[in-house]
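> Below is upload-v2.txt; it holds compact mmCIF, C-alpha atoms.
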```txt
# COMPACT_ATOMS: atom_id res chain seq x y z
CA MET A 1 -16.48 10.48 16.10
CA LYS A 2 -14.90 13.93 16.39
CA LYS A 3 -11.42 12.56 15.69
CA LEU A 4 -12.71 10.65 12.66
CA ILE A 5 -14.28 13.78 11.18
CA GLN A 6 -11.00 15.62 11.72
CA ARG A 7 -9.13 12.88 9.83
CA LEU A 8 -11.60 12.99 6.94
CA VAL A 9 -11.25 16.76 6.75
CA CYS A 10 -7.45 16.44 6.68
CA ILE A 11 -7.63 13.91 3.84
CA PHE A 12 -10.04 16.14 1.94
CA LEU A 13 -7.79 19.19 2.38
CA CYS A 14 -4.75 17.22 1.22
CA LEU A 15 -6.56 16.17 -1.94
CA ILE A 16 -7.79 19.72 -2.54
CA THR A 17 -4.17 20.91 -2.18
CA VAL A 18 -3.12 18.43 -4.84
CA GLN A 19 -5.94 19.67 -7.06
CA ILE A 20 -4.72 23.27 -6.71
CA ALA A 21 -1.27 22.09 -7.81
CA ALA A 22 -2.91 20.34 -10.75
CA GLN A 23 -4.12 23.68 -12.04
CA GLU A 24 -0.48 24.67 -12.43
CA GLU A 25 0.75 21.44 -14.01
CA ASN A 26 -1.03 19.22 -16.53
CA GLY A 27 -1.59 15.50 -16.11
CA ILE A 28 -2.84 15.40 -12.50
CA SER A 29 -6.24 13.99 -11.58
CA THR A 30 -7.94 13.64 -8.19
CA GLN A 31 -10.92 11.58 -7.05
CA ILE A 32 -12.73 11.58 -3.70
CA GLU A 33 -15.32 8.97 -2.69
CA LEU A 34 -17.43 9.12 0.46
CA GLY A 35 -20.38 7.25 1.92
CA ALA A 36 -21.82 7.36 5.44
CA ILE A 37 -24.75 6.00 7.45
CA PHE A 38 -25.67 7.34 10.91
CA THR A 39 -28.52 6.10 13.10
CA SER A 40 -29.73 7.26 16.51
CA GLY A 41 -32.46 6.34 18.93
CA ASN A 42 -32.56 2.80 20.26
CA THR A 43 -29.22 2.12 18.57
CA ASP A 44 -26.43 4.57 17.76
CA ASP A 45 -24.55 3.35 14.68
CA GLU A 46 -21.93 5.03 12.53
CA ASN A 47 -20.64 3.58 9.27
CA ILE A 48 -18.23 5.61 7.13
CA GLN A 49 -16.38 4.60 3.98
CA PHE A 50 -13.98 6.92 2.19
CA LYS A 51 -11.54 6.67 -0.70
CA GLY A 52 -9.13 9.08 -2.28
CA ASN A 53 -7.05 8.72 -5.44
CA VAL A 54 -4.38 10.96 -6.92
CA ALA A 55 -2.65 10.22 -10.23
CA TRP A 56 -0.26 12.26 -12.32
CA VAL A 57 1.66 11.70 -15.54
CA GLN A 58 5.10 13.08 -16.39
CA ASP A 59 6.75 11.99 -19.66
CA SER A 60 6.94 8.16 -19.59
CA TRP A 61 6.14 7.97 -15.87
CA GLU A 62 2.77 7.70 -14.16
CA TYR A 63 2.57 8.06 -10.37
CA GLY A 64 -0.35 7.21 -8.13
CA PHE A 65 -1.46 7.22 -4.51
CA SER A 66 -4.71 5.92 -3.04
CA VAL A 67 -6.23 5.55 0.41
CA ASP A 68 -9.22 3.32 1.17
CA GLY A 69 -10.77 3.48 4.64
CA PHE A 70 -13.72 2.06 6.51
CA ARG A 71 -14.97 2.59 10.06
CA SER A 72 -17.98 1.13 11.84
CA SER A 73 -19.11 1.71 15.42
CA LYS A 74 -22.12 0.69 17.49
CA ASP A 75 -23.25 2.39 20.68
CA GLY A 76 -19.95 4.25 20.92
CA GLU A 77 -17.73 1.17 20.50
CA VAL A 78 -15.62 0.64 17.37
CA ALA A 79 -16.68 -2.56 15.59
CA ALA A 80 -14.40 -2.30 12.55
CA GLN A 81 -11.68 0.02 11.34
CA ARG A 82 -9.44 -0.35 8.31
CA VAL A 83 -7.19 1.89 6.20
CA TYR A 84 -5.42 0.60 3.08
CA TYR A 85 -2.73 2.71 1.37
CA VAL A 86 -1.22 2.05 -2.07
CA SER A 87 1.46 4.07 -3.89
CA SER A 88 2.85 3.22 -7.30
CA ALA A 89 5.25 4.32 -10.02
CA ASN A 90 4.55 3.14 -13.56
CA TYR A 91 7.12 3.42 -16.38
CA SER A 92 5.93 2.87 -19.96
CA ILE A 93 8.31 0.75 -22.01
CA SER A 94 6.03 0.68 -25.06
CA GLU A 95 2.56 1.85 -26.04
CA ASN A 96 0.84 -1.09 -24.30
CA SER A 97 3.38 -2.45 -21.78
CA PHE A 98 4.97 -1.02 -18.63
CA ILE A 99 6.95 -1.72 -15.47
CA LEU A 100 5.10 -1.07 -12.21
CA THR A 101 6.67 -0.59 -8.78
CA ARG A 102 4.02 -0.88 -6.07
CA LEU A 103 4.07 -0.30 -2.29
CA ALA A 104 1.03 -1.12 -0.10
CA HIS A 105 0.22 -0.92 3.62
CA ASP A 106 -2.88 -2.46 5.21
CA ASP A 107 -3.81 -1.30 8.73
CA ASP A 108 -6.84 -3.37 9.79
CA ARG A 109 -7.44 -3.28 13.53
CA PHE A 110 -9.82 -6.25 13.54
CA SER A 111 -8.08 -8.60 11.09
CA GLY A 112 -5.80 -10.11 13.72
CA TYR A 113 -2.72 -8.43 12.21
CA ASP A 114 -1.44 -5.10 13.48
CA SER A 115 -0.38 -4.36 9.90
CA GLN A 116 0.67 -5.96 6.62
CA SER A 117 2.94 -4.21 4.12
CA ASP A 118 4.28 -5.32 0.76
CA ILE A 119 6.44 -4.07 -2.07
CA SER A 120 6.61 -5.56 -5.56
CA VAL A 121 7.97 -4.96 -9.05
CA ASN A 122 5.57 -5.95 -11.83
CA TYR A 123 5.39 -6.24 -15.59
CA GLY A 124 2.08 -5.02 -17.01
CA ARG A 125 0.33 -5.06 -20.35
CA ASN A 126 -2.83 -3.44 -21.71
CA LEU A 127 -5.18 -5.67 -23.70
CA LEU A 128 -8.30 -5.07 -25.83
CA VAL A 129 -6.78 -1.77 -26.97
CA ALA A 130 -8.68 -2.00 -30.28
CA THR A 131 -12.03 -2.33 -28.48
CA PRO A 132 -13.48 1.17 -28.02
CA ASN A 133 -15.58 0.54 -24.88
CA MET A 134 -13.52 -2.11 -23.02
CA GLY A 135 -10.05 -2.53 -21.60
CA ILE A 136 -8.04 -5.08 -19.60
CA THR A 137 -4.74 -4.52 -17.83
CA LEU A 138 -2.73 -7.49 -16.52
CA ASN A 139 0.15 -7.32 -14.01
CA PHE A 140 2.57 -10.01 -12.87
CA GLY A 141 5.42 -9.49 -10.42
CA LEU A 142 7.55 -10.53 -7.46
CA GLY A 143 7.94 -8.88 -4.09
CA MET A 144 8.16 -9.13 -0.32
CA ARG A 145 5.47 -8.91 2.37
CA GLN A 146 5.87 -8.00 6.04
CA SER A 147 3.19 -9.10 8.55
CA ARG A 148 2.98 -7.94 12.16
CA SER A 149 0.67 -9.28 14.89
CA ASP A 150 0.60 -9.82 18.65
CA GLU A 151 1.35 -13.51 18.16
CA GLU A 152 4.14 -13.39 15.57
CA ASN A 153 6.01 -11.27 13.04
CA PHE A 154 7.22 -12.66 9.74
CA ASP A 155 8.56 -11.58 6.34
CA GLU A 156 8.03 -13.63 3.20
CA PRO A 157 8.58 -13.47 -0.56
CA MET A 158 5.45 -13.36 -2.66
CA VAL A 159 4.21 -13.66 -6.23
CA ARG A 160 1.64 -11.10 -7.31
CA PHE A 161 -0.88 -11.22 -10.16
CA SER A 162 -3.65 -8.73 -10.85
CA SER A 163 -6.14 -7.82 -13.56
CA ASP A 164 -8.21 -4.68 -14.11
CA TYR A 165 -11.23 -4.79 -16.40
CA GLU A 166 -13.29 -1.75 -17.38
CA TRP A 167 -16.42 -1.67 -19.55
CA ASN A 168 -18.08 1.57 -20.64
CA ILE A 169 -21.65 0.29 -20.67
CA SER A 170 -22.98 3.65 -21.86
CA GLN A 171 -21.96 7.30 -21.85
CA ASN A 172 -22.99 7.58 -18.20
CA ALA A 173 -22.28 4.10 -16.77
CA ILE A 174 -19.02 2.20 -16.19
CA PHE A 175 -18.49 -1.32 -14.85
CA SER A 176 -15.10 -2.09 -13.24
CA GLN A 177 -13.61 -5.32 -11.93
CA HIS A 178 -10.29 -5.62 -10.09
CA LEU A 179 -8.86 -9.04 -9.16
CA SER A 180 -5.53 -9.67 -7.44
CA THR A 181 -3.71 -12.46 -5.68
CA GLU A 182 -0.56 -12.13 -3.58
CA SER A 183 0.77 -15.59 -2.82
CA GLY A 184 3.45 -16.18 -0.16
CA ASN A 185 4.93 -19.07 1.81
CA GLU A 186 3.03 -18.23 5.00
CA THR A 187 -0.21 -16.77 3.69
CA SER A 188 -1.90 -15.61 0.50
CA ILE A 189 -4.27 -12.67 0.00
CA LEU A 190 -6.95 -12.55 -2.69
CA ARG A 191 -8.92 -9.37 -3.44
CA SER A 192 -11.95 -8.75 -5.63
CA GLU A 193 -13.39 -5.27 -6.22
CA SER A 194 -16.50 -4.94 -8.40
CA SER A 195 -18.34 -1.69 -9.06
CA ILE A 196 -20.88 0.06 -11.26
CA GLU A 197 -20.55 3.83 -11.49
CA THR A 198 -23.28 6.10 -12.87
CA GLN A 199 -22.61 9.74 -13.70
CA ILE A 200 -25.02 12.23 -12.09
CA LEU A 201 -23.33 15.53 -12.94
CA ASP A 202 -20.20 16.46 -14.89
CA ASN A 203 -17.89 15.58 -12.01
CA LEU A 204 -20.24 13.73 -9.62
CA SER A 205 -21.11 10.04 -9.81
CA LEU A 206 -22.90 7.41 -7.76
CA ARG A 207 -21.04 4.13 -7.26
CA PHE A 208 -22.27 0.72 -6.08
CA SER A 209 -19.39 -1.57 -5.09
CA VAL A 210 -18.71 -4.99 -3.58
CA ASP A 211 -15.21 -5.62 -2.19
CA VAL A 212 -14.05 -9.04 -1.01
CA LYS A 213 -10.76 -9.89 0.73
CA HIS A 214 -9.79 -13.50 1.46
CA GLN A 215 -6.65 -14.51 3.37
CA THR A 216 -5.69 -18.16 3.47
CA GLU A 217 -4.02 -18.08 6.92
CA VAL A 218 -5.28 -15.79 9.70
CA PRO A 219 -4.79 -15.61 13.49
CA VAL A 220 -6.99 -17.85 15.63
CA GLY A 221 -10.52 -16.57 16.03
CA ARG A 222 -10.52 -14.46 12.85
CA ASP A 223 -12.55 -15.02 9.68
CA LYS A 224 -10.65 -15.59 6.46
CA THR A 225 -13.05 -13.59 4.29
CA ASP A 226 -14.20 -9.97 4.64
CA THR A 227 -16.90 -8.45 2.41
CA GLU A 228 -17.88 -4.79 2.05
CA THR A 229 -20.92 -3.61 0.08
CA ALA A 230 -21.28 0.15 -0.34
CA ILE A 231 -23.11 2.92 -2.17
CA THR A 232 -20.98 6.07 -2.33
CA PHE A 233 -20.72 9.44 -4.05
CA VAL A 234 -17.64 10.02 -6.21
CA LEU A 235 -16.25 13.48 -6.93
CA ASP A 236 -13.75 13.84 -9.80
CA PHE A 237 -11.43 16.82 -10.30
```
As structure tokens, please, write out the structure in this file.


Amino acid sequence: MKKLIQRLVCIFLCLITVQIAAQEENGISTQIELGAIFTSGNTDDENIQFKGNVAWVQDSWEYGFSVDGFRSSKDGEVAAQRVYYVSSANYSISENSFILTRLAHDDDRFSGYDSQSDISVNYGRNLLVATPNMGITLNFGLGMRQSRSDEENFDEPMVRFSSDYEWNISQNAIFSQHLSTESGNETSILRSESSIETQILDNLSLRFSVDVKHQTEVPVGRDKTDTETAITFVLDF
């Protein structure tokens, strides 16, 4: 528990450092999301979910980095632990289309894989630009994925498709839906992230989210589908 708190503090300090830099240069935004449940007594449980996002714009380029982590323990034993990193570089080729280079690393201790990493180059386009309260972004690209486990290691080409939908329900509520599929010769990964975010203060929101990850081929003894349901606080800078 102590080590986990230290890691969360380090992530928080890193994001605060980026925010300080943002005061000196326009176009940088930071977001921190955190939710935790602790129980004691007959059962000692700890469940922590954290997310951090940094994005900055420079001329025709937009850069981003995100970290998404989850840890669950029961009676002092770790039951689940996952950290998912994504970095990206987005170059605008027109008002509504862009080229996206994306690098991701998934470190999930209980998925059966030691790690899975992928890199892809995508073409993207923004839709519904004339609709004031809605937007859709579609991405399609090609890349490579590297999977490492105790049983085998393999690299494979993959085809990636993703969509991001956002609906401003009201001035204080936003619905978001992210869907992606990364299809390879050995295995395919499908992700769904749905959320409703309600603004509480100027830079503080409450978010309810449901995340689903499905992998078509997994090591023996592992489930193909993981689901996370969370209520978290979101702090925007």

> Applying 6 Å and all atoms listed in the file, which residues near A:Ser117 remain after dropping the ones on its own chain fewer than 3 positions away? List them as a list of chain:residue names.

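Residues meeting the cut-off are A:Ala104, A:His105, A:Arg145, A:Gln146.
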
> Between A:Asn47, A:Ser88, A:Thr101, A:Thr225, which is the closest to A:Gly76 once you count all atoms listed in the file?

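Closest residue, counting all atoms listed in the file: A:Asn47.
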
> Using all atoms listed in the file, find the one residue out of A:Thr227, A:Thr216, A:Ser72, A:Asn172 that sits nearest to A:Gln199.

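Checking each of A:Thr227, A:Thr216, A:Ser72, A:Asn172 against A:Gln199, counting all atoms listed in the file, the winner is A:Asn172.
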
> How many Å separate atom CA of A:Ile93 from atom CA of A:Val159?

21.8 Å

> Using all atoms listed in the file - which residues lie no farther than 10 Å from the point (-7.9, 6.7, 3.5) in the file's frame? Write them as a ChimeraX atom specification.

/A:7-8,11-12,32-33,49-53,66-70,82-86

> Determine the nearest neighbour of A:Ile136 from the options A:Leu179, A:Met158, A:Val57, A:Val210, counting all atoms listed in the file.

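Between A:Leu179, A:Met158, A:Val57, A:Val210, the residue approaching A:Ile136 most closely is A:Leu179.
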
> Which one is closest to A:Ser209: A:Gln177, A:Ser115, A:Ser149, A:Ser183? Count all atoms listed in the file.

A:Gln177

> Tell me, in Å to one decimal, how far atom CA of A:Ser192 is from atom CA of A:Asp106.

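Taking atom CA of A:Ser192 and atom CA of A:Asp106, their separation equals 15.5 Å.
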
> Any idea what the distance is between atom CA of A:His178 and atom CA of A:Ser163?

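Interatomic distance, atom CA of A:His178 to atom CA of A:Ser163: 5.8 Å.
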
> Which one of A:Asp45, A:Ser92, A:Asn122, A:Asp75 sits closest to A:Glu62 if you count only C-alpha atoms?

A:Ser92
